[in-house]
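Enquirer: Below is a structure I'd like to ask you about.
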Amino acid sequence: MLMKHNYYLLLFICQLAISQVVLAQHENELIHESSPYLLQHAHNPVDWYPWGNKALNKAQKEDKLIIISIGYAACHWCHVMEKETFADTTFANYMNEHFVSIKVDREERPDIDQIYVDASRLITGSAGWPLNVIALPDGKPVYVVSYLPKDKWLKTLEIFAKGYENDRAQLEQQAAMITEGVRDLAYVHEKPSEKSMSIGILHTMYENMQSQFDFQNGGLNGAPKFPMPVTLNYLLEYYHATNDAAVLEFVEYTLDNIALSGLYDQLGGGFSRYAVDEAWEIPHFEKMLYDNALLVKLYTNAYKLTGKTLYKNVVNETLAFLLSEMRDSETGLFYSSLSADSEGEEGKYYTWTYNQLVDVLGEPTPEFLAYFQITKAGNWEKGKNILRIASEQYIDQKAQSFNKEKQLLLKNRASRLYPEIDDKQLTSWNALMIEALADAYRTFGNTSYLKAAESNTAFLMQHFEKDKELFRNYKEGKEISAFLDDYAYLINASITLYQATFNEVYLNNAKALADYTEKHFKDDKSELYYYTTNKGKELVSRQMELRDNILPASNAIMCKNLQLLGWYFDEEIYHEQAESMMSHVMEEMLENGIHYASWASSALWMAEEPFEVAIVGDNYRILTEKWDKEFHPNIVFFGGKNEGVLPFMQYKLIEGETNIYVCRKKICNRPVKELIQAKNMLK
């Protein structure tokens, strides 16, 4: 009996080993993709397809429902579901038999993601990732759910597989209703507001926003807690326009708490995507490029207003992290994200047990432990510590910043297994980095920031000039046509680079991109822009992105771009379109300003037209650098050694002199040579 038992045990082990080898060797259609997220699923026993005609035609030919599973490389619960469910042959076999399964990287294809996010919100009231959609063969959604344990996932699939077989008409009716709802959300139906923009209207908007402010911890109420840099940056502009000290106080309090919290990497710089708690203590450890770019811009502007060393350090440390660890050496572009996980464990790269700290530092001093809120039992789960700083400790210990200990820990951390990098390079997110780098250069004078911004722009524009369109991503020759945010953000970044250099090439780039966008994205009826180009194949709905999320709404950025191009090229038609766009969102903006902060930034200019300041002559750079160190969101800057070709700059050069012209509505004061004289004119 014992020999027989050992025989069957050995046979079982051999079969298990063989099955593991077969599993490792299995490849599905994702093996040909370049997205790290899709490649994570390329060896699943699920017969995954990328989004495209091959999968959609297969579903229609075989008359099967579609599973559309959407996620991204830094998504923790996406990894969990992949390991629990999609790597399991039992579940894979059921999916393969009854469905055609499609995997989507939401960062590559935000157009697809947005459709099914809207569907999820219609069905359940919320959305999250992984976003798992069950759809008819034509892509119309019938059901959407986020992460499910594998037993519940299988039950869900069984219900819909049987429903499609036995009661197809009901599913088709349900899909038609959901799709109509998604299309209704995608288009602006509101009658344009007839109100004229005023500071008083924006006061009302701010009062409505305050109900969502967390005055105890900073930021917005509730958890999980996102930094919301777009909203906070608008509040800085609103403060500048109103001089309401309470506004700046709230933003400062928020930025202090975030910079000292677990959300910020106290050793290596850079921010995690969000905190799971209200007090910013416990981060969800993935680092996203777009968050860090927007937060660099925010902290740069806050530094200009406050002069706080903390904010300057945050900017320089975060840019050092991005330039050294998130940048591709060949293209000069930045990678998309770092995963929250390493060695299969969330936050393992960033956290420390007390014994690990002792191994590196010896017995830490009480001051060090108090400063970083470290305990022997751990300040997080399983005895681990997240380094974070209490504000009172920061004030008390600021002179002793523990740089020696931090460097020792950073060196030791570098020997750990690094979190997985999503190395695809997205145009829109890189454009946010261009803007952040250019702003930081103007503020702190670090020429390496400008060099990186210009190199990044040159790469992106080289492809636009070659192919007469932008691509969404750059990785291993995989090309996806760009979306509205790619164009809008790059136009804005190009204008920011002009302001940093006064090189008119960047303005010409911006205008060329805007002209392309006008031709291929604009809806002539509303004068707003669709998210997708008219050159591509239509999905079940063509969306318009109007609301800010963490990222600014692409239509709002286009509105501001048009305003700026109107001033730089003296074309009133740009201003007229911007005002038309604003009229469609004004009422919603006043009621829900948190999600319309990017629009409100343009509204400030409509309420009170900005100044035009031109600095012309041999010493223009010396004077410009002084302006750049201050926060002036109400000035459109022009400048250069010569007049150039911009209409506003004509007849402003006086040989042998460097002059400052302060103007409004094209009416200029007499030129002056001293900065203080020019600033007095702003009053």
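Here, A, B, ... name the chains of the structure tokens in the order displayed, residue numbers run from 1 inside each chain, and ligands are numbered from 1 in the same displayed order.
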Excluding same-chain residues fewer than 2 positions from A:Asp422, what lies within 6 Å of it counting only C-alpha atoms, as an NGL selection string?
Expert: :A and (36 or 336-337 or 424)
Enquirer: Identify all residues of stretch 163-228 of chain A in helix (DSSP H, G or I) (DSSP on the backbone) and supply them as JSON, numbers by chain.
Expert: {"A": [163, 164, 165, 166, 168, 169, 170, 171, 172, 173, 174, 175, 176, 177, 178, 179, 180, 181, 182, 183, 184, 185, 186, 199, 200, 201, 202, 203, 204, 205, 206, 207, 208, 209, 210, 211, 212]}
Enquirer: Could the residues in this selection be saved with N, CA and C atoms as a compact mmCIF listing (two decimals), in the first residue's frame?
Expert:
# COMPACT_ATOMS: atom_id res chain seq x y z
N GLY A 163 -28.09 33.39 -19.79
CA GLY A 163 -29.03 34.42 -20.21
C GLY A 163 -28.95 34.70 -21.70
N TYR A 164 -27.75 34.67 -22.25
CA TYR A 164 -27.58 34.92 -23.69
C TYR A 164 -28.16 33.78 -24.51
N GLU A 165 -28.10 32.60 -23.93
CA GLU A 165 -28.61 31.42 -24.63
C GLU A 165 -30.14 31.35 -24.56
N ASN A 166 -30.69 31.73 -23.39
CA ASN A 166 -32.12 31.49 -23.15
C ASN A 166 -33.00 32.74 -23.23
N ARG A 168 -32.04 36.07 -24.83
CA ARG A 168 -31.19 37.04 -25.51
C ARG A 168 -31.87 38.39 -25.69
N ALA A 169 -33.16 38.38 -25.96
CA ALA A 169 -33.88 39.63 -26.22
C ALA A 169 -33.78 40.58 -25.02
N GLN A 170 -33.86 40.03 -23.81
CA GLN A 170 -33.78 40.88 -22.62
C GLN A 170 -32.38 41.51 -22.50
N LEU A 171 -31.33 40.72 -22.77
CA LEU A 171 -29.97 41.26 -22.71
C LEU A 171 -29.77 42.33 -23.78
N GLU A 172 -30.31 42.10 -24.97
CA GLU A 172 -30.17 43.10 -26.03
C GLU A 172 -30.90 44.39 -25.68
N GLN A 173 -32.07 44.27 -25.04
CA GLN A 173 -32.80 45.45 -24.61
C GLN A 173 -32.02 46.20 -23.53
N GLN A 174 -31.45 45.44 -22.59
CA GLN A 174 -30.65 46.05 -21.52
C GLN A 174 -29.43 46.77 -22.10
N ALA A 175 -28.76 46.13 -23.05
CA ALA A 175 -27.57 46.73 -23.68
C ALA A 175 -27.94 48.01 -24.42
N ALA A 176 -29.08 48.00 -25.10
CA ALA A 176 -29.51 49.19 -25.85
C ALA A 176 -29.78 50.37 -24.90
N MET A 177 -30.40 50.09 -23.75
CA MET A 177 -30.69 51.15 -22.77
C MET A 177 -29.40 51.71 -22.18
N ILE A 178 -28.46 50.84 -21.84
CA ILE A 178 -27.20 51.30 -21.24
C ILE A 178 -26.42 52.11 -22.26
N THR A 179 -26.35 51.63 -23.49
CA THR A 179 -25.59 52.33 -24.53
C THR A 179 -26.20 53.69 -24.81
N GLU A 180 -27.52 53.79 -24.82
CA GLU A 180 -28.17 55.09 -25.03
C GLU A 180 -27.83 56.04 -23.88
N GLY A 181 -27.78 55.49 -22.66
CA GLY A 181 -27.40 56.31 -21.51
C GLY A 181 -25.97 56.81 -21.60
N VAL A 182 -25.08 55.95 -22.07
CA VAL A 182 -23.67 56.34 -22.24
C VAL A 182 -23.56 57.42 -23.30
N ARG A 183 -24.27 57.27 -24.39
CA ARG A 183 -24.23 58.28 -25.46
C ARG A 183 -24.80 59.61 -24.97
N ASP A 184 -25.83 59.53 -24.13
CA ASP A 184 -26.43 60.75 -23.61
C ASP A 184 -25.45 61.48 -22.69
N LEU A 185 -24.70 60.71 -21.89
CA LEU A 185 -23.68 61.33 -21.04
C LEU A 185 -22.55 61.95 -21.86
N ALA A 186 -22.32 61.41 -23.06
CA ALA A 186 -21.14 61.78 -23.83
C ALA A 186 -21.28 63.10 -24.55
N ILE A 199 -16.21 87.96 -11.50
CA ILE A 199 -15.59 87.49 -10.27
C ILE A 199 -16.65 87.07 -9.26
N GLY A 200 -17.79 87.77 -9.25
CA GLY A 200 -18.88 87.42 -8.35
C GLY A 200 -19.37 86.00 -8.56
N ILE A 201 -19.47 85.57 -9.82
CA ILE A 201 -19.88 84.19 -10.13
C ILE A 201 -18.86 83.20 -9.57
N LEU A 202 -17.59 83.53 -9.68
CA LEU A 202 -16.55 82.63 -9.18
C LEU A 202 -16.51 82.62 -7.66
N HIS A 203 -16.92 83.70 -7.01
CA HIS A 203 -17.08 83.68 -5.55
C HIS A 203 -18.15 82.65 -5.17
N THR A 204 -19.24 82.65 -5.89
CA THR A 204 -20.32 81.68 -5.62
C THR A 204 -19.81 80.25 -5.80
N MET A 205 -19.06 80.04 -6.85
CA MET A 205 -18.49 78.72 -7.10
C MET A 205 -17.60 78.29 -5.94
N TYR A 206 -16.75 79.19 -5.46
CA TYR A 206 -15.85 78.86 -4.35
C TYR A 206 -16.64 78.53 -3.09
N GLU A 207 -17.69 79.27 -2.81
CA GLU A 207 -18.52 78.98 -1.64
C GLU A 207 -19.14 77.59 -1.74
N ASN A 208 -19.55 77.20 -2.92
CA ASN A 208 -20.11 75.85 -3.11
C ASN A 208 -19.04 74.77 -2.94
N MET A 209 -17.82 75.07 -3.34
CA MET A 209 -16.72 74.10 -3.23
C MET A 209 -16.38 73.80 -1.77
N GLN A 210 -16.52 74.79 -0.89
CA GLN A 210 -16.03 74.64 0.47
C GLN A 210 -16.68 73.50 1.24
N SER A 211 -17.88 73.12 0.87
CA SER A 211 -18.56 72.03 1.58
C SER A 211 -17.82 70.70 1.43
N GLN A 212 -16.95 70.61 0.42
CA GLN A 212 -16.19 69.38 0.20
C GLN A 212 -14.77 69.44 0.75
Enquirer: Please report, as CSV, each residue of stretch 268-385 of chain A lying at most 8 Å from stretch 244-264 of chain A, together with the nearest pair of atoms and the separation in Å rounded to one decimal; use only C-alpha atoms, and order rows by chain and ascending residue number.
Expert:
residue,atom,partner,partner_atom,distance
A:Gly269,CA,A:Tyr264,CA,6.7
A:Gly270,CA,A:Tyr264,CA,5.9
A:Phe271,CA,A:Tyr264,CA,4.6
A:Ser272,CA,A:Leu263,CA,5.3
A:Arg273,CA,A:Leu263,CA,7.6
A:Tyr274,CA,A:Leu263,CA,6.7
A:Ala275,CA,A:Leu263,CA,6.2
A:Trp280,CA,A:Ser261,CA,5.8
A:Glu281,CA,A:Gly262,CA,4.8
A:Ile282,CA,A:Gly262,CA,5.8
A:Pro283,CA,A:Leu263,CA,5.0
A:His284,CA,A:Leu263,CA,7.9
A:Phe285,CA,A:Leu263,CA,7.9
A:Tyr299,CA,A:Leu255,CA,7.7
A:Ala302,CA,A:Glu252,CA,7.6
A:Leu310,CA,A:Ala259,CA,7.8
A:Tyr311,CA,A:Ala259,CA,7.9
A:Val314,CA,A:Ala259,CA,7.1
Enquirer: From the options A:Ala488, A:Ala440, A:Leu564, A:Met589, which residue's atoms come nearest to A:Pro610, counting only C-alpha atoms?
Expert: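 Using only C-alpha atoms, the shortest distance to A:Pro610 belongs to A:Leu564.
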Enquirer: Write down as a ChimeraX atom specification the residues belonging to stretch 266-446 of chain A that are assigned strand (DSSP E or B) by DSSP computed on the backbone.
Expert: /A:271,274-275,283-284,287-288,327,334,337-338,341-342,345-346,352-353,384-385,421-422,425-426
Enquirer: With N, CA and C atoms retained, export the selected residues as a tab-separated table (two decimals), in the first residue's frame.
Expert:
chain	number	residue	atom	x	y	z
A	271	PHE	N	5.44	61.06	-5.32
A	271	PHE	CA	4.18	60.84	-4.62
A	271	PHE	C	3.52	59.54	-5.07
A	274	TYR	N	-2.60	57.75	-4.18
A	274	TYR	CA	-3.60	58.22	-3.21
A	274	TYR	C	-3.34	57.58	-1.86
A	275	ALA	N	-4.01	58.10	-0.83
A	275	ALA	CA	-3.96	57.51	0.51
A	275	ALA	C	-5.26	56.78	0.77
A	283	PRO	N	-0.36	55.19	2.18
A	283	PRO	CA	-0.50	55.35	0.72
A	283	PRO	C	-0.89	54.04	0.04
A	284	HIS	N	-1.49	54.16	-1.12
A	284	HIS	CA	-1.54	53.03	-2.06
A	284	HIS	C	-0.33	53.25	-2.95
A	287	LYS	N	3.24	54.76	-8.02
A	287	LYS	CA	3.61	56.13	-8.39
A	287	LYS	C	3.27	56.33	-9.87
A	288	MET	N	2.45	57.32	-10.15
A	288	MET	CA	2.01	57.60	-11.51
A	288	MET	C	2.70	58.86	-12.02
A	327	ARG	N	12.76	57.95	-16.68
A	327	ARG	CA	12.99	58.54	-18.00
A	327	ARG	C	13.73	57.56	-18.90
A	334	PHE	N	9.21	60.09	-20.58
A	334	PHE	CA	9.08	59.52	-19.25
A	334	PHE	C	8.14	58.32	-19.27
A	337	SER	N	4.51	54.57	-14.99
A	337	SER	CA	4.22	54.33	-13.58
A	337	SER	C	5.18	53.32	-12.98
A	338	LEU	N	5.18	53.30	-11.65
A	338	LEU	CA	5.82	52.24	-10.87
A	338	LEU	C	4.72	51.49	-10.13
A	341	ASP	N	3.43	47.09	-5.99
A	341	ASP	CA	3.92	45.81	-5.46
A	341	ASP	C	5.37	45.55	-5.84
A	342	SER	N	6.06	44.84	-4.99
A	342	SER	CA	7.33	44.21	-5.35
A	342	SER	C	7.41	42.90	-4.58
A	345	GLU	N	4.18	41.77	-2.99
A	345	GLU	CA	3.67	42.36	-1.75
A	345	GLU	C	3.55	43.88	-1.90
A	346	GLU	N	2.39	44.40	-1.55
A	346	GLU	CA	2.17	45.84	-1.68
A	346	GLU	C	3.07	46.62	-0.72
A	352	TRP	N	9.49	49.59	6.26
A	352	TRP	CA	10.59	49.10	7.10
A	352	TRP	C	10.05	48.52	8.41
A	353	THR	N	10.52	47.32	8.75
A	353	THR	CA	10.31	46.86	10.11
A	353	THR	C	11.35	47.52	11.01
A	384	LYS	N	5.25	46.65	9.91
A	384	LYS	CA	5.99	47.52	9.00
A	384	LYS	C	5.72	48.99	9.31
A	385	ASN	N	6.71	49.81	9.00
A	385	ASN	CA	6.62	51.25	9.21
A	385	ASN	C	6.64	51.98	7.87
A	421	ILE	N	8.19	48.54	-13.54
A	421	ILE	CA	7.97	49.80	-14.25
A	421	ILE	C	7.07	49.56	-15.46
A	422	ASP	N	6.05	50.38	-15.59
A	422	ASP	CA	5.29	50.42	-16.84
A	422	ASP	C	6.01	51.41	-17.75
A	425	GLN	N	5.34	55.07	-22.95
A	425	GLN	CA	5.55	56.52	-22.87
A	425	GLN	C	4.39	57.22	-23.56
A	426	LEU	N	3.54	57.86	-22.77
A	426	LEU	CA	2.31	58.45	-23.26
A	426	LEU	C	2.49	59.93	-23.55
Enquirer: Once you count only C-alpha atoms, what closest atom pair and distance in Å to one decimal does each residue of stretch 452-500 of chain A within 10 Å of stretch 521-532 of chain A have, with rows by chain and rising residue number, as a tab-separated table?
Expert:
residue	atom	partner	partner_atom	distance
A:Ser481	CA	A:Thr532	CA	8.9
A:Ala482	CA	A:Thr532	CA	7.9
A:Phe483	CA	A:Thr532	CA	5.3
A:Leu484	CA	A:Tyr531	CA	4.9
A:Asp485	CA	A:Tyr531	CA	7.4
A:Asp486	CA	A:Tyr531	CA	9.8
Enquirer: Please indicate the distance in Å from atom CA of A:Met558 to atom CA of A:Gln114, rounded to one decimal place.
Expert: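 Calculated distance between atom CA of A:Met558 and atom CA of A:Gln114 is 19.0 Å.
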Enquirer: For A:Asp515, please output as a PyMOL selection string all residues within 12 Å (counting only C-alpha atoms; exclusion window: fewer than 4 positions along the same chain).
Expert: chain A and resi 468-469+487-488+491+508-511+519-522+558+561-562+565+574
Enquirer: Do you have, as CSV, the list of residues of stretch 331-366 of chain A lying at most 12 Å from stretch 407-414 of chain A, each with its nearest atom pair and that distance in Å to one decimal, counting only C-alpha atoms and ordered by chain then number?
Expert:
residue,atom,partner,partner_atom,distance
A:Lys348,CA,A:Arg413,CA,10.1
A:Tyr349,CA,A:Arg413,CA,7.0
A:Tyr350,CA,A:Arg413,CA,7.6
A:Thr351,CA,A:Arg413,CA,9.3
A:Trp352,CA,A:Leu409,CA,9.6
A:Gln356,CA,A:Leu409,CA,9.6
A:Leu357,CA,A:Leu409,CA,7.8
A:Val358,CA,A:Leu409,CA,10.5
A:Asp359,CA,A:Asn412,CA,9.9
A:Val360,CA,A:Leu409,CA,6.7
A:Leu361,CA,A:Leu408,CA,7.3
A:Gly362,CA,A:Leu408,CA,11.0
A:Pro364,CA,A:Leu409,CA,11.9
Enquirer: Generate the output file for the selected residues, C-alpha atoms, as a compact mmCIF listing (two decimals), in the first residue's frame.
Expert:
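Below is the file selection15.txt, written as the result:
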# COMPACT_ATOMS: atom_id res chain seq x y z
CA LYS A 348 7.41 46.14 0.34
CA TYR A 349 9.99 48.32 -1.41
CA TYR A 350 9.11 51.41 0.66
CA THR A 351 8.38 50.10 4.16
CA TRP A 352 10.59 49.10 7.10
CA GLN A 356 15.42 46.31 9.32
CA LEU A 357 16.08 49.87 10.48
CA VAL A 358 18.39 48.61 13.21
CA ASP A 359 20.32 46.52 10.67
CA VAL A 360 21.01 49.64 8.60
CA LEU A 361 21.36 52.37 11.22
CA GLY A 362 22.16 50.59 14.43
CA PRO A 364 17.92 54.58 16.03
Enquirer: Mind giving me the straight-line distance from atom CA of A:Leu294 to atom CA of A:Leu490 in Å, one decimal?
Expert: 14.0 Å
Enquirer: Have a look at A:Ala223, A:Ala127, A:Leu319, A:Ile434 and name the one nearest to A:Tyr498; count only C-alpha atoms.
Expert: A:Ile434
